[in-house]
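Okay, final35.txt now, which holds compact mmCIF, C-alpha atoms:
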```txt
# COMPACT_ATOMS: atom_id res chain seq x y z
CA MET A 1 4.17 -105.17 -46.77
CA ASN A 2 1.79 -103.50 -49.24
CA LEU A 3 2.86 -99.87 -49.80
CA SER A 4 -0.55 -98.70 -51.06
CA SER A 5 -1.76 -97.58 -47.60
CA PHE A 6 1.47 -95.66 -47.07
CA TRP A 7 1.36 -94.01 -50.48
CA SER A 8 -2.25 -92.87 -50.09
CA LEU A 9 -1.24 -90.76 -47.08
CA ILE A 10 1.92 -89.08 -48.41
CA PRO A 11 0.46 -86.32 -50.66
CA LEU A 12 0.16 -82.92 -48.96
CA ILE A 13 1.98 -84.16 -45.83
CA ASP A 14 4.29 -81.57 -44.23
CA GLU A 15 5.42 -83.50 -41.14
CA VAL A 16 6.20 -87.15 -40.40
CA GLY A 17 6.63 -88.88 -37.06
CA PHE A 18 7.12 -92.42 -35.77
CA ILE A 19 5.10 -93.33 -32.67
CA HIS A 20 4.44 -96.32 -30.43
CA PRO A 21 1.24 -98.29 -31.24
CA SER A 22 -0.23 -97.39 -27.84
CA GLN A 23 -0.26 -93.70 -28.82
CA PHE A 24 -2.74 -94.32 -31.63
CA VAL A 25 -5.49 -94.82 -29.06
CA THR A 26 -4.87 -91.34 -27.67
CA LEU A 27 -4.73 -89.79 -31.13
CA ASN A 28 -8.05 -91.36 -32.12
CA LYS A 29 -9.70 -90.17 -28.91
CA GLU A 30 -8.67 -86.60 -29.69
CA ALA A 31 -9.93 -86.84 -33.26
CA THR A 32 -13.58 -86.47 -34.28
CA SER A 33 -15.40 -89.61 -35.32
CA SER A 34 -15.06 -88.72 -38.99
CA LEU A 35 -11.28 -88.53 -38.67
CA LYS A 36 -10.69 -91.80 -36.81
CA HIS A 37 -8.53 -94.31 -38.64
CA GLU A 38 -9.33 -97.98 -38.89
CA ASP A 39 -5.74 -98.70 -39.91
CA ALA A 40 -3.80 -99.12 -36.68
CA ASN A 41 -0.48 -98.52 -38.41
CA PHE A 42 -1.01 -95.02 -39.83
CA TRP A 43 -2.64 -91.82 -38.60
CA SER A 44 -3.06 -88.61 -40.59
CA ARG A 45 -4.60 -85.27 -39.71
CA ASP A 46 -3.92 -81.61 -40.57
CA HIS A 47 -1.17 -82.66 -43.01
CA LYS A 48 0.67 -84.62 -40.28
CA LEU A 49 1.48 -88.31 -40.73
CA ALA A 50 2.15 -90.72 -37.85
CA ILE A 51 3.54 -94.20 -38.55
CA SER A 52 3.53 -97.04 -36.05
CA THR A 53 6.98 -98.24 -35.02
CA ASP A 54 5.65 -101.80 -35.32
CA VAL A 55 5.58 -101.58 -39.12
CA LEU A 56 8.76 -99.58 -39.70
CA LEU A 57 11.02 -102.53 -40.51
CA PRO A 58 8.65 -104.38 -42.87
CA LEU A 59 7.65 -101.07 -44.47
CA TYR A 60 11.30 -100.12 -44.97
CA ASN A 61 12.13 -103.52 -46.50
CA ALA A 62 9.18 -103.25 -48.88
CA ALA A 63 10.11 -99.66 -49.89
CA LYS A 64 13.76 -100.60 -50.37
CA ASP A 65 12.94 -103.64 -52.53
CA ALA A 66 10.53 -101.58 -54.65
CA PHE A 67 13.10 -98.81 -55.11
CA MET A 68 15.99 -101.12 -55.99
CA HIS A 69 13.79 -102.95 -58.51
CA ALA A 70 12.66 -99.62 -60.01
CA ILE A 71 16.18 -98.25 -60.52
CA SER A 72 17.29 -101.60 -61.90
CA GLN A 73 14.55 -101.36 -64.50
CA TYR A 74 15.40 -97.72 -65.17
CA LYS A 75 19.07 -98.48 -65.77
CA ARG A 76 18.13 -101.31 -68.11
CA HIS A 77 15.52 -99.46 -70.16
CA GLY A 78 15.98 -95.76 -69.35
CA ASN A 79 17.98 -95.00 -72.51
CA LEU A 80 15.34 -96.39 -74.85
CA SER A 81 13.32 -94.13 -77.12
CA ASP A 82 10.52 -92.57 -75.10
CA ALA A 83 7.91 -92.57 -77.85
CA SER A 84 5.66 -94.85 -75.81
CA GLY A 85 6.43 -93.09 -72.52
CA TYR A 86 7.85 -96.31 -71.07
CA ALA A 87 11.12 -94.68 -69.90
CA SER A 88 9.20 -91.84 -68.26
CA ASN A 89 7.03 -94.31 -66.39
CA LEU A 90 10.11 -96.11 -65.11
CA GLU A 91 11.57 -92.81 -64.03
CA SER A 92 8.39 -91.79 -62.21
CA GLU A 93 8.20 -95.15 -60.44
CA ALA A 94 11.79 -94.89 -59.24
CA MET A 95 11.26 -91.32 -58.01
CA LYS A 96 8.07 -92.34 -56.20
CA HIS A 97 9.74 -95.24 -54.40
CA SER A 98 12.82 -93.17 -53.57
CA LYS A 99 10.55 -90.68 -51.82
CA ALA A 100 8.88 -93.41 -49.76
CA LEU A 101 12.26 -94.88 -48.87
CA LEU A 102 13.71 -91.52 -47.75
CA LEU A 103 10.71 -90.89 -45.51
CA LEU A 104 11.60 -94.12 -43.72
CA SER A 105 15.40 -93.96 -43.91
CA CYS A 106 16.84 -90.47 -44.35
CA ASP A 107 20.45 -91.64 -44.79
CA PHE A 108 19.86 -93.89 -47.79
CA GLY A 109 22.42 -92.19 -50.05
CA THR A 110 21.52 -94.09 -53.22
CA ALA A 111 17.99 -92.67 -53.12
CA TRP A 112 19.24 -89.08 -52.69
CA ASN A 113 21.76 -89.51 -55.51
CA PHE A 114 19.19 -90.98 -57.87
CA ARG A 115 16.91 -88.00 -57.30
CA LYS A 116 19.83 -85.65 -58.02
CA LEU A 117 20.46 -87.52 -61.27
CA ILE A 118 16.88 -87.22 -62.50
CA VAL A 119 16.26 -83.64 -61.39
CA SER A 120 19.56 -82.34 -62.81
CA LYS A 121 18.80 -84.06 -66.12
CA LYS A 122 15.42 -82.32 -66.43
CA GLN A 123 16.59 -78.88 -65.15
CA LYS A 124 13.11 -77.69 -64.21
CA ILE A 125 12.75 -75.14 -61.42
CA MET A 126 9.57 -76.77 -60.08
CA LEU A 127 11.35 -80.09 -59.67
CA PHE A 128 14.13 -78.41 -57.71
CA LEU A 129 11.56 -76.75 -55.47
CA ASP A 130 9.88 -80.13 -54.95
CA GLU A 131 13.23 -81.42 -53.66
CA LEU A 132 13.23 -78.64 -51.05
CA LEU A 133 9.77 -79.77 -49.93
CA LEU A 134 10.87 -83.41 -49.71
CA SER A 135 14.01 -82.65 -47.71
CA ALA A 136 11.96 -80.42 -45.37
CA LEU A 137 9.62 -83.36 -44.83
CA VAL A 138 12.60 -85.59 -44.00
CA LEU A 139 13.95 -82.98 -41.59
CA SER A 140 10.60 -82.92 -39.77
CA TYR A 141 11.43 -86.34 -38.29
CA SER A 142 15.24 -86.26 -38.55
CA PRO A 143 16.35 -82.63 -38.01
CA LYS A 144 20.04 -83.58 -37.84
CA SER A 145 20.14 -85.54 -41.09
CA GLU A 146 23.35 -84.46 -42.82
CA LYS A 147 22.24 -85.91 -46.16
CA ALA A 148 18.98 -83.93 -46.10
CA TRP A 149 20.81 -80.65 -45.35
CA CYS A 150 23.38 -81.43 -48.07
CA HIS A 151 20.57 -82.08 -50.54
CA ARG A 152 19.09 -78.64 -49.80
CA ARG A 153 22.45 -76.98 -50.42
CA TRP A 154 22.79 -78.89 -53.69
CA VAL A 155 19.36 -77.65 -54.79
CA ILE A 156 20.18 -74.02 -53.96
CA LYS A 157 23.49 -74.24 -55.84
CA MET A 158 21.68 -75.66 -58.87
CA ILE A 159 19.04 -72.91 -58.99
CA ALA A 160 21.42 -70.04 -58.19
CA GLY A 161 21.41 -67.70 -61.18
CA LYS A 162 18.34 -69.38 -62.66
CA CYS A 163 15.72 -68.43 -60.09
CA SER A 164 14.54 -64.84 -59.68
CA THR A 165 13.31 -65.56 -56.15
CA LEU A 166 16.62 -66.89 -54.77
CA GLN A 167 16.74 -64.25 -52.02
CA ASP A 168 13.23 -65.22 -50.96
CA ILE A 169 14.29 -68.86 -50.83
CA ALA A 170 17.33 -67.94 -48.74
CA GLY A 171 15.05 -66.07 -46.33
CA LYS A 172 12.67 -69.03 -46.04
CA GLU A 173 15.62 -71.36 -45.49
CA SER A 174 16.75 -69.20 -42.60
CA GLU A 175 13.25 -69.33 -41.11
CA LEU A 176 13.21 -73.13 -41.51
CA VAL A 177 16.49 -73.43 -39.58
CA GLU A 178 15.15 -71.27 -36.75
CA LYS A 179 11.96 -73.34 -36.60
CA ILE A 180 13.95 -76.59 -36.48
CA ALA A 181 16.39 -75.15 -33.93
CA GLU A 182 13.46 -74.54 -31.56
CA ARG A 183 12.58 -78.24 -31.65
CA SER A 184 16.10 -79.65 -31.93
CA LYS A 185 18.51 -78.07 -29.46
CA MET A 186 22.24 -77.71 -30.23
CA ASN A 187 21.63 -78.66 -33.88
CA TYR A 188 25.03 -77.91 -35.42
CA ARG A 189 24.02 -79.17 -38.88
CA ALA A 190 21.03 -76.83 -39.08
CA TRP A 191 23.04 -73.78 -37.99
CA ASN A 192 25.89 -74.72 -40.31
CA HIS A 193 23.38 -74.68 -43.15
CA ARG A 194 22.22 -71.23 -42.06
CA CYS A 195 25.84 -69.99 -42.02
CA TRP A 196 26.29 -71.33 -45.54
CA LEU A 197 23.21 -69.38 -46.68
CA VAL A 198 24.82 -66.03 -45.78
CA SER A 199 26.76 -65.94 -49.06
CA TYR A 200 23.43 -65.98 -50.96
CA MET A 201 21.88 -63.13 -48.96
CA THR A 202 21.74 -59.46 -49.89
CA THR A 203 23.26 -56.83 -47.59
CA GLU A 204 19.78 -55.90 -46.38
CA GLN A 205 19.03 -59.53 -45.57
CA VAL A 206 22.29 -59.90 -43.64
CA LEU A 207 21.52 -56.84 -41.50
CA HIS A 208 17.96 -58.10 -40.97
CA GLU A 209 19.22 -61.54 -39.94
CA LEU A 210 21.70 -59.97 -37.50
CA LYS A 211 18.89 -58.02 -35.88
CA LYS A 212 16.41 -60.91 -35.91
CA SER A 213 18.77 -63.56 -34.52
CA ARG A 214 19.65 -61.41 -31.50
CA ASN A 215 16.39 -62.23 -29.71
CA TRP A 216 16.84 -65.96 -30.32
CA ALA A 217 20.47 -65.89 -29.16
CA GLY A 218 19.52 -63.96 -26.03
CA LEU A 219 17.14 -66.77 -25.05
CA HIS A 220 19.58 -69.60 -25.91
CA VAL A 221 22.87 -68.38 -24.45
CA ALA A 222 24.28 -71.90 -24.13
CA ASP A 223 23.90 -72.62 -27.85
CA ASN A 224 27.23 -71.70 -29.43
CA SER A 225 25.92 -72.45 -32.94
CA CYS A 226 23.71 -69.36 -32.93
CA PHE A 227 26.60 -67.13 -31.91
CA HIS A 228 28.70 -68.72 -34.64
CA TYR A 229 25.95 -67.70 -37.07
CA ARG A 230 26.11 -64.12 -35.81
CA THR A 231 29.89 -64.27 -36.30
CA ARG A 232 29.36 -65.29 -39.93
CA LEU A 233 26.90 -62.44 -40.49
CA MET A 234 29.28 -59.86 -38.98
CA LEU A 235 32.20 -61.16 -41.04
CA ARG A 236 30.08 -60.75 -44.19
CA ILE A 237 29.34 -57.14 -43.17
CA MET A 238 33.05 -56.53 -42.54
CA GLU A 239 34.01 -58.06 -45.90
CA GLU A 240 31.65 -55.80 -47.80
CA HIS A 241 32.87 -52.79 -45.85
CA CYS A 242 36.51 -53.61 -46.70
CA HIS A 243 35.63 -54.00 -50.40
CA LYS A 244 33.97 -50.57 -50.38
CA LEU A 245 37.06 -49.04 -48.78
CA GLU A 246 39.28 -50.61 -51.44
CA ASP A 247 36.99 -49.37 -54.23
CA GLY A 248 36.84 -45.90 -52.72
CA THR A 249 33.04 -46.01 -52.54
CA SER A 250 33.04 -45.60 -48.76
CA ASP A 251 35.39 -43.97 -46.28
CA GLU A 252 33.15 -44.04 -43.21
CA ASN A 253 33.63 -46.49 -40.36
CA ASN A 254 30.81 -45.10 -38.23
CA GLU A 255 28.12 -47.61 -39.19
CA ILE A 256 30.24 -50.73 -38.85
CA TYR A 257 31.88 -49.33 -35.71
CA GLN A 258 28.42 -48.93 -34.21
CA ILE A 259 27.47 -52.51 -35.11
CA TRP A 260 30.54 -53.86 -33.30
CA GLN A 261 30.08 -51.57 -30.30
CA GLU A 262 26.44 -52.59 -29.90
CA GLU A 263 27.40 -56.28 -30.13
CA LEU A 264 30.13 -55.84 -27.49
CA ASP A 265 27.73 -54.03 -25.14
CA TRP A 266 25.01 -56.62 -25.68
CA ASN A 267 27.47 -59.47 -25.14
CA GLU A 268 28.70 -57.87 -21.90
CA ALA A 269 25.12 -57.56 -20.64
CA LEU A 270 24.49 -61.25 -21.37
CA ILE A 271 27.73 -62.29 -19.63
CA LYS A 272 26.69 -60.48 -16.48
CA ARG A 273 23.12 -61.77 -16.64
CA TYR A 274 23.85 -65.42 -17.44
CA VAL A 275 26.73 -66.61 -15.28
CA GLY A 276 29.19 -69.23 -16.51
CA ARG A 277 28.11 -69.54 -20.17
CA GLU A 278 31.14 -70.41 -22.28
CA ALA A 279 29.45 -69.55 -25.60
CA LEU A 280 29.22 -65.89 -24.53
CA TRP A 281 32.93 -65.67 -23.74
CA LEU A 282 33.87 -67.38 -27.01
CA HIS A 283 31.75 -64.89 -28.93
CA ARG A 284 33.49 -62.06 -27.09
CA ARG A 285 36.86 -63.38 -28.27
CA PHE A 286 35.73 -62.97 -31.86
CA LEU A 287 34.42 -59.47 -31.20
CA SER A 288 37.59 -58.39 -29.38
CA LEU A 289 39.95 -59.76 -32.01
CA SER A 290 37.98 -58.03 -34.78
CA TRP A 291 38.00 -54.81 -32.78
CA ILE A 292 41.78 -54.91 -32.34
CA ARG A 293 42.39 -55.65 -36.03
CA HIS A 294 39.93 -53.19 -37.56
CA PHE A 295 39.10 -50.41 -35.14
CA THR A 296 42.39 -49.56 -33.40
CA THR A 297 44.89 -47.25 -35.10
CA THR A 298 47.41 -49.01 -37.33
CA LEU A 299 51.11 -48.18 -37.35
CA GLY A 300 51.37 -46.63 -40.79
CA ASP A 301 54.80 -45.63 -42.16
CA THR A 302 57.94 -45.87 -40.02
CA SER A 303 58.64 -42.11 -40.19
CA ASN A 304 55.74 -41.47 -37.84
CA TYR A 305 56.28 -44.65 -35.79
CA ARG A 306 56.41 -43.07 -32.31
CA ALA A 307 53.29 -40.92 -32.79
CA CYS A 308 51.31 -43.80 -34.27
CA LYS A 309 52.48 -46.17 -31.55
CA SER A 310 51.34 -43.72 -28.90
CA SER A 311 47.92 -43.59 -30.57
CA ILE A 312 47.69 -47.39 -30.62
CA ASN A 313 48.57 -47.57 -26.95
CA GLY A 314 45.80 -45.09 -26.22
CA ASP A 315 43.13 -46.91 -28.28
CA ILE A 316 43.98 -50.36 -26.97
CA GLY A 317 44.48 -48.99 -23.46
CA ILE A 318 40.86 -47.77 -23.35
CA PHE A 319 39.61 -51.04 -24.80
CA MET A 320 41.72 -53.13 -22.42
CA ASP A 321 40.58 -51.10 -19.40
CA ASN A 322 36.98 -52.01 -20.19
CA GLU A 323 37.85 -55.70 -20.66
CA LEU A 324 39.81 -55.81 -17.39
CA HIS A 325 36.90 -54.18 -15.59
CA LEU A 326 34.53 -56.81 -17.03
CA ALA A 327 36.88 -59.66 -16.08
CA ASN A 328 37.30 -58.33 -12.54
CA SER A 329 33.54 -58.04 -12.07
CA CYS A 330 33.18 -61.69 -13.15
CA SER A 331 36.06 -63.07 -11.05
CA THR A 332 34.25 -63.19 -7.69
CA ILE A 333 33.22 -66.65 -6.48
CA PRO A 334 30.60 -65.98 -3.78
CA ASP A 335 29.54 -69.61 -3.46
CA ASN A 336 31.98 -72.48 -3.98
CA ASP A 337 29.08 -74.92 -4.29
CA PHE A 338 27.63 -73.09 -7.28
CA GLU A 339 29.73 -74.27 -10.23
CA ASP A 340 28.53 -71.52 -12.58
CA PHE A 341 30.41 -68.87 -10.59
CA GLN A 342 33.58 -70.97 -10.75
CA ALA A 343 33.13 -71.39 -14.50
CA GLN A 344 32.56 -67.61 -14.88
CA ALA A 345 35.81 -66.84 -13.03
CA MET A 346 37.72 -69.35 -15.13
CA TYR A 347 36.33 -68.04 -18.44
CA SER A 348 37.06 -64.41 -17.51
CA ALA A 349 40.66 -65.15 -16.46
CA THR A 350 41.48 -67.26 -19.53
CA TYR A 351 39.86 -64.59 -21.72
CA ILE A 352 42.23 -61.92 -20.33
CA LEU A 353 45.25 -64.20 -20.80
CA TRP A 354 44.17 -64.87 -24.38
CA LEU A 355 43.46 -61.18 -25.08
CA THR A 356 46.87 -60.09 -23.72
CA LYS A 357 48.64 -62.46 -26.09
CA GLN A 358 46.46 -61.47 -29.07
CA ILE A 359 47.26 -57.79 -28.60
CA SER A 360 50.98 -58.52 -28.39
CA ASP A 361 50.88 -60.77 -31.46
CA SER A 362 48.70 -58.59 -33.70
CA GLN A 363 50.02 -55.10 -32.84
CA GLY A 364 53.49 -55.84 -31.48
CA ILE A 365 53.11 -53.44 -28.56
CA GLU A 366 53.35 -53.61 -24.80
CA LEU A 367 50.14 -52.87 -22.95
CA PRO A 368 50.23 -49.65 -20.90
CA GLU A 369 48.56 -51.46 -18.01
CA LYS A 370 49.06 -55.20 -18.02
CA PRO A 371 46.97 -57.66 -16.01
CA ASN A 372 48.59 -59.19 -12.94
CA LEU A 373 49.51 -62.68 -14.13
CA GLY A 374 50.02 -63.91 -10.58
CA SER A 375 46.51 -62.84 -9.58
CA LEU A 376 45.05 -64.44 -12.70
CA GLU A 377 46.81 -67.73 -11.96
CA THR A 378 45.56 -67.66 -8.36
CA MET A 379 42.02 -67.03 -9.58
CA LEU A 380 42.24 -69.88 -12.06
CA ASN A 381 43.56 -72.26 -9.40
CA MET A 382 40.67 -71.34 -7.13
CA ALA A 383 38.08 -71.77 -9.88
CA CYS A 384 39.50 -75.00 -11.29
CA PRO A 385 42.30 -76.47 -9.13
CA GLU A 386 42.49 -79.73 -11.09
CA ARG A 387 43.96 -77.79 -14.04
CA SER A 388 46.67 -75.99 -12.06
CA PHE A 389 49.42 -77.37 -14.31
CA LEU A 390 47.69 -75.91 -17.39
CA TRP A 391 47.21 -72.50 -15.73
CA ASP A 392 50.89 -72.38 -14.80
CA ILE A 393 51.92 -73.04 -18.41
CA LEU A 394 49.53 -70.42 -19.80
CA THR A 395 50.71 -67.67 -17.46
CA ARG A 396 54.36 -68.54 -18.19
CA ILE A 397 53.73 -68.31 -21.96
CA THR A 398 51.99 -64.94 -21.57
CA GLY A 399 54.81 -63.63 -19.38
CA LYS A 400 57.39 -64.86 -21.90
CA CYS A 401 55.64 -62.94 -24.69
CA ASP A 402 55.88 -59.74 -22.62
CA GLU A 403 59.61 -60.27 -22.00
CA VAL A 404 60.34 -60.80 -25.70
CA LEU A 405 58.29 -57.70 -26.55
CA LYS A 406 60.28 -55.58 -24.08
CA GLU A 407 63.58 -56.76 -25.56
CA ASN A 408 62.43 -55.92 -29.12
CA ASN A 409 61.26 -52.45 -28.09
CA CYS A 410 64.50 -51.52 -26.30
```
Please express the file's structure as C-alpha cells.
Amino acid sequence: MNLSSFWSLIPLIDEVGFIHPSQFVTLNKEATSSLKHEDANFWSRDHKLAISTDVLLPLYNAAKDAFMHAISQYKRHGNLSDASGYASNLESEAMKHSKALLLLSCDFGTAWNFRKLIVSKKQKIMLFLDELLLSALVLSYSPKSEKAWCHRRWVIKMIAGKCSTLQDIAGKESELVEKIAERSKMNYRAWNHRCWLVSYMTTEQVLHELKKSRNWAGLHVADNSCFHYRTRLMLRIMEEHCHKLEDGTSDENNEIYQIWQEELDWNEALIKRYVGREALWLHRRFLSLSWIRHFTTTLGDTSNYRACKSSINGDIGIFMDNELHLANSCSTIPDNDFEDFQAQAMYSATYILWLTKQISDSQGIELPEKPNLGSLETMLNMACPERSFLWDILTRITGKCDEVLKENNC
C-alpha cells in the first residue's frame, strides 16, 4: 500500500484511533461538507486521525518494509562522510518510517530502539521532547503499551539535569496519566509510570499531587493503582522528613502527623461509604503500619524500659481501640444476598488479624485489649465459609504469636 496518504495526515495529529469502515459514514455525516473525506480509509478532523481497520494489515506491512529497508540503508551508509547530506537523509527516512510503524504497531521494539539510538546520538532537547509527543500519540490508541511508557521514562532520564523545565515536564506527565486513567480503567502501567515520576518531583509538587489525587481516588475506590500512587507520595514525604530529622533541620512531627491522621480519617470515611472495597482496606494497612512504626513511642534505652513500654501500650491502645471500633462497625452482614457486606466483614476481620500480628512483630508488646480470635474466626466463616480452613490457620498463627509474646515477657 502507498504510504503517501497516511503520511499526509500525520503532522499535527494528537490522537489516533482504528475504526470499522461502517463508522466512516457516520463521521462524514457529522462533518461539514468542506471536511468530508473522499478517502474511505482515513478520516481527520480537529487533530484526530481515524484509520479503517480494513487497511491496517496492508498498511502495517508497507510501513514495516519501508522501515526495514531504511535502517538497512542507514547501517550500510550511515558512517559515511556527511558532506553531501546523504547520511542525514537516510537517518530522516528511517525516523519517518519508524514513526509510521509505531503508530500502527506500538510494540515494535526495533523501531523504538532505533529512535533511541538516533536521538541519544544527537543529544538535542527538542528531539527528546518530540519523543514525548510521539509516545503520547501512541498511548492515545494503546494506553497500556509498556514500550511506550518505557520510552517516556528513558526520555526523562536522558534530559534530567539538562532541562531547566524538568519539574514542569513531571507535572505534565502526571496530568497525562490522570487523563489516560479516565479513559483506561485499572491501567497499572500508567499509574506505575506516575509512581516512578515522584522521585523527579519537588516537595511542593508531591504535596500538591497528594491533595489533587484525593478527589480522583475518592471517585475510583476500586482502583488500587491510585491508592498505590498515594502510598508512594506519602513515603516520599516520610523519607524527606526522616532526612531532616537526621540532619537536625527539623524536630517537629506535627505536619507529617497531621497528613497521616487526615489520610486515616479520610480512608475510614470511604470504607464506611463504599462497602466491600478491598483497595480501601489495603491502603489502610499501609497507613496503620506506618503509624505504628513512626508515630507510636519507641522503647529507647533499657534503663527506662518499663516506663517506655507503658507509654507504647497507651499509644497503641488508643490506636487499636479506634481500629477495633471500625472493624466492629463493618462486621455486620444485614443481607446475605448482598456480597459486598460479606466482603466488608471479611476484609475487616482479616485486617484486625493482620494488625494484631504487625503490632506484636514490630513493637514486641502484648496488646492491652486483644481482639477475640474466636469471634473473628466465626465472622470470617460466616462471610466466606469456603475458606474456613484458611481462617482456622490464621487465627491459630495469631494466637501462637500472643503465647510466645507472653512467655518472653514473663
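If all atoms listed in the file are the atoms counted, then among A:Ile271, A:Val155, A:Ile359, A:Leu233 the closest residue to Ile292 (chain A) is A:Ile359.
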| field | Straight-line distance linking CA of Thr332 (chain A) with CA of Leu280 (chain A), stated in Å to one decimal | value |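 Computing the Euclidean distance for CA of Thr332 (chain A) and CA of Leu280 (chain A) yields 17.8 Å.
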| Hey, which of A:Tyr141, A:Tyr200, A:Phe24, A:Trp43 ends up closest to Ile169 (chain A)? Count only C-alpha atoms. | A:Tyr200
Excluding Leu117 (chain A) and its own-chain neighbours fewer than 5 positions away, which residues fall within 12 Å of it when counting only C-alpha atoms? Please give them as a tab-separated table (two decimals) with C-alpha atoms, keeping the file's coordinate frame.
```
chain	number	residue	atom	x	y	z
A	71	ILE	CA	16.18	-98.25	-60.52
A	75	LYS	CA	19.07	-98.48	-65.77
A	91	GLU	CA	11.57	-92.81	-64.03
A	94	ALA	CA	11.79	-94.89	-59.24
A	95	MET	CA	11.26	-91.32	-58.01
A	110	THR	CA	21.52	-94.09	-53.22
A	111	ALA	CA	17.99	-92.67	-53.12
A	112	TRP	CA	19.24	-89.08	-52.69
A	122	LYS	CA	15.42	-82.32	-66.43
A	123	GLN	CA	16.59	-78.88	-65.15
A	127	LEU	CA	11.35	-80.09	-59.67
A	128	PHE	CA	14.13	-78.41	-57.71
A	154	TRP	CA	22.79	-78.89	-53.69
A	155	VAL	CA	19.36	-77.65	-54.79
```
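In this comparison, which uses all atoms listed in the file, the residue of A:Pro58, A:Gly218, A:Gly248, A:Gly276 approaching Gln344 (chain A) most closely is A:Gly276.
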| Nearest to Gln342 (chain A) among A:Lys179, A:Arg76, A:Arg277, A:Lys96, with distances taken over only C-alpha atoms: which residue is it? | A:Arg277
| CA of Lys144 (chain A) and CA of Asn187 (chain A), how far apart in Å? | 6.5 Å
| request: Select all residues near (18.1, -82.1, -31.5) (cut-off 12 Å, inclusive, file coordinates), counting all atoms listed in the file, and output them as a PyMOL selection string. | output: chain A and resi 139-145+177+179-191+223
Would you write out those residues with C-alpha atoms, as an mmCIF file, in the frame of the given file?
```
data_model
loop_
_atom_site.group_PDB
_atom_site.id
_atom_site.type_symbol
_atom_site.label_atom_id
_atom_site.label_comp_id
_atom_site.auth_asym_id
_atom_site.auth_seq_id
_atom_site.Cartn_x
_atom_site.Cartn_y
_atom_site.Cartn_z
ATOM 1 C CA LEU A 139 13.950 -82.980 -41.590
ATOM 2 C CA SER A 140 10.600 -82.920 -39.770
ATOM 3 C CA TYR A 141 11.430 -86.340 -38.290
ATOM 4 C CA SER A 142 15.240 -86.260 -38.550
ATOM 5 C CA PRO A 143 16.350 -82.630 -38.010
ATOM 6 C CA LYS A 144 20.040 -83.580 -37.840
ATOM 7 C CA SER A 145 20.140 -85.540 -41.090
ATOM 8 C CA VAL A 177 16.490 -73.430 -39.580
ATOM 9 C CA LYS A 179 11.960 -73.340 -36.600
ATOM 10 C CA ILE A 180 13.950 -76.590 -36.480
ATOM 11 C CA ALA A 181 16.390 -75.150 -33.930
ATOM 12 C CA GLU A 182 13.460 -74.540 -31.560
ATOM 13 C CA ARG A 183 12.580 -78.240 -31.650
ATOM 14 C CA SER A 184 16.100 -79.650 -31.930
ATOM 15 C CA LYS A 185 18.510 -78.070 -29.460
ATOM 16 C CA MET A 186 22.240 -77.710 -30.230
ATOM 17 C CA ASN A 187 21.630 -78.660 -33.880
ATOM 18 C CA TYR A 188 25.030 -77.910 -35.420
ATOM 19 C CA ARG A 189 24.020 -79.170 -38.880
ATOM 20 C CA ALA A 190 21.030 -76.830 -39.080
ATOM 21 C CA TRP A 191 23.040 -73.780 -37.990
ATOM 22 C CA ASP A 223 23.900 -72.620 -27.850
#
```
| message | Report, in Å with one decimal, the straight-line distance from CA of Leu137 (chain A) to CA of Val221 (chain A). | response |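 One can read the CA of Leu137 (chain A) to CA of Val221 (chain A) distance as 28.6 Å.
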To test the calculation: enclose all listed atoms of region 145-149 of chain A in a box whose edges run along x, y and z, add 5 Å on each side, then state centre and edge lengths in Å to one decimal, as lines of an AutoDock Vina configuration file.
```
center_x = 21.2
center_y = -83.3
center_z = -43.6
size_x = 14.4
size_y = 15.3
size_z = 15.1
```
Residue completion, region 195-203 of chain A, N, CA, C and O atoms, as a compact mmCIF listing (two decimals), in the coordinates of the input:
```
# COMPACT_ATOMS: atom_id res chain seq x y z
N CYS A 195 24.60 -70.75 -41.75
CA CYS A 195 25.84 -69.99 -42.02
C CYS A 195 26.19 -70.03 -43.50
O CYS A 195 26.62 -69.02 -44.07
N TRP A 196 25.99 -71.18 -44.11
CA TRP A 196 26.29 -71.33 -45.54
C TRP A 196 25.39 -70.42 -46.38
O TRP A 196 25.81 -69.91 -47.42
N LEU A 197 24.16 -70.20 -45.93
CA LEU A 197 23.21 -69.38 -46.68
C LEU A 197 23.62 -67.91 -46.78
O LEU A 197 23.17 -67.19 -47.67
N VAL A 198 24.47 -67.45 -45.86
CA VAL A 198 24.82 -66.03 -45.78
C VAL A 198 25.39 -65.52 -47.10
O VAL A 198 25.12 -64.38 -47.51
N SER A 199 26.15 -66.37 -47.79
CA SER A 199 26.76 -65.94 -49.06
C SER A 199 25.72 -65.69 -50.15
O SER A 199 26.02 -65.04 -51.17
N TYR A 200 24.50 -66.18 -49.97
CA TYR A 200 23.43 -65.98 -50.96
C TYR A 200 22.48 -64.85 -50.56
O TYR A 200 21.51 -64.59 -51.26
N MET A 201 22.76 -64.19 -49.44
CA MET A 201 21.88 -63.13 -48.96
C MET A 201 22.35 -61.77 -49.45
O MET A 201 23.54 -61.54 -49.66
N THR A 202 21.41 -60.85 -49.58
CA THR A 202 21.74 -59.46 -49.89
C THR A 202 22.22 -58.77 -48.61
O THR A 202 22.04 -59.30 -47.50
N THR A 203 22.81 -57.58 -48.76
CA THR A 203 23.26 -56.83 -47.59
C THR A 203 22.11 -56.53 -46.65
O THR A 203 22.25 -56.62 -45.42
```
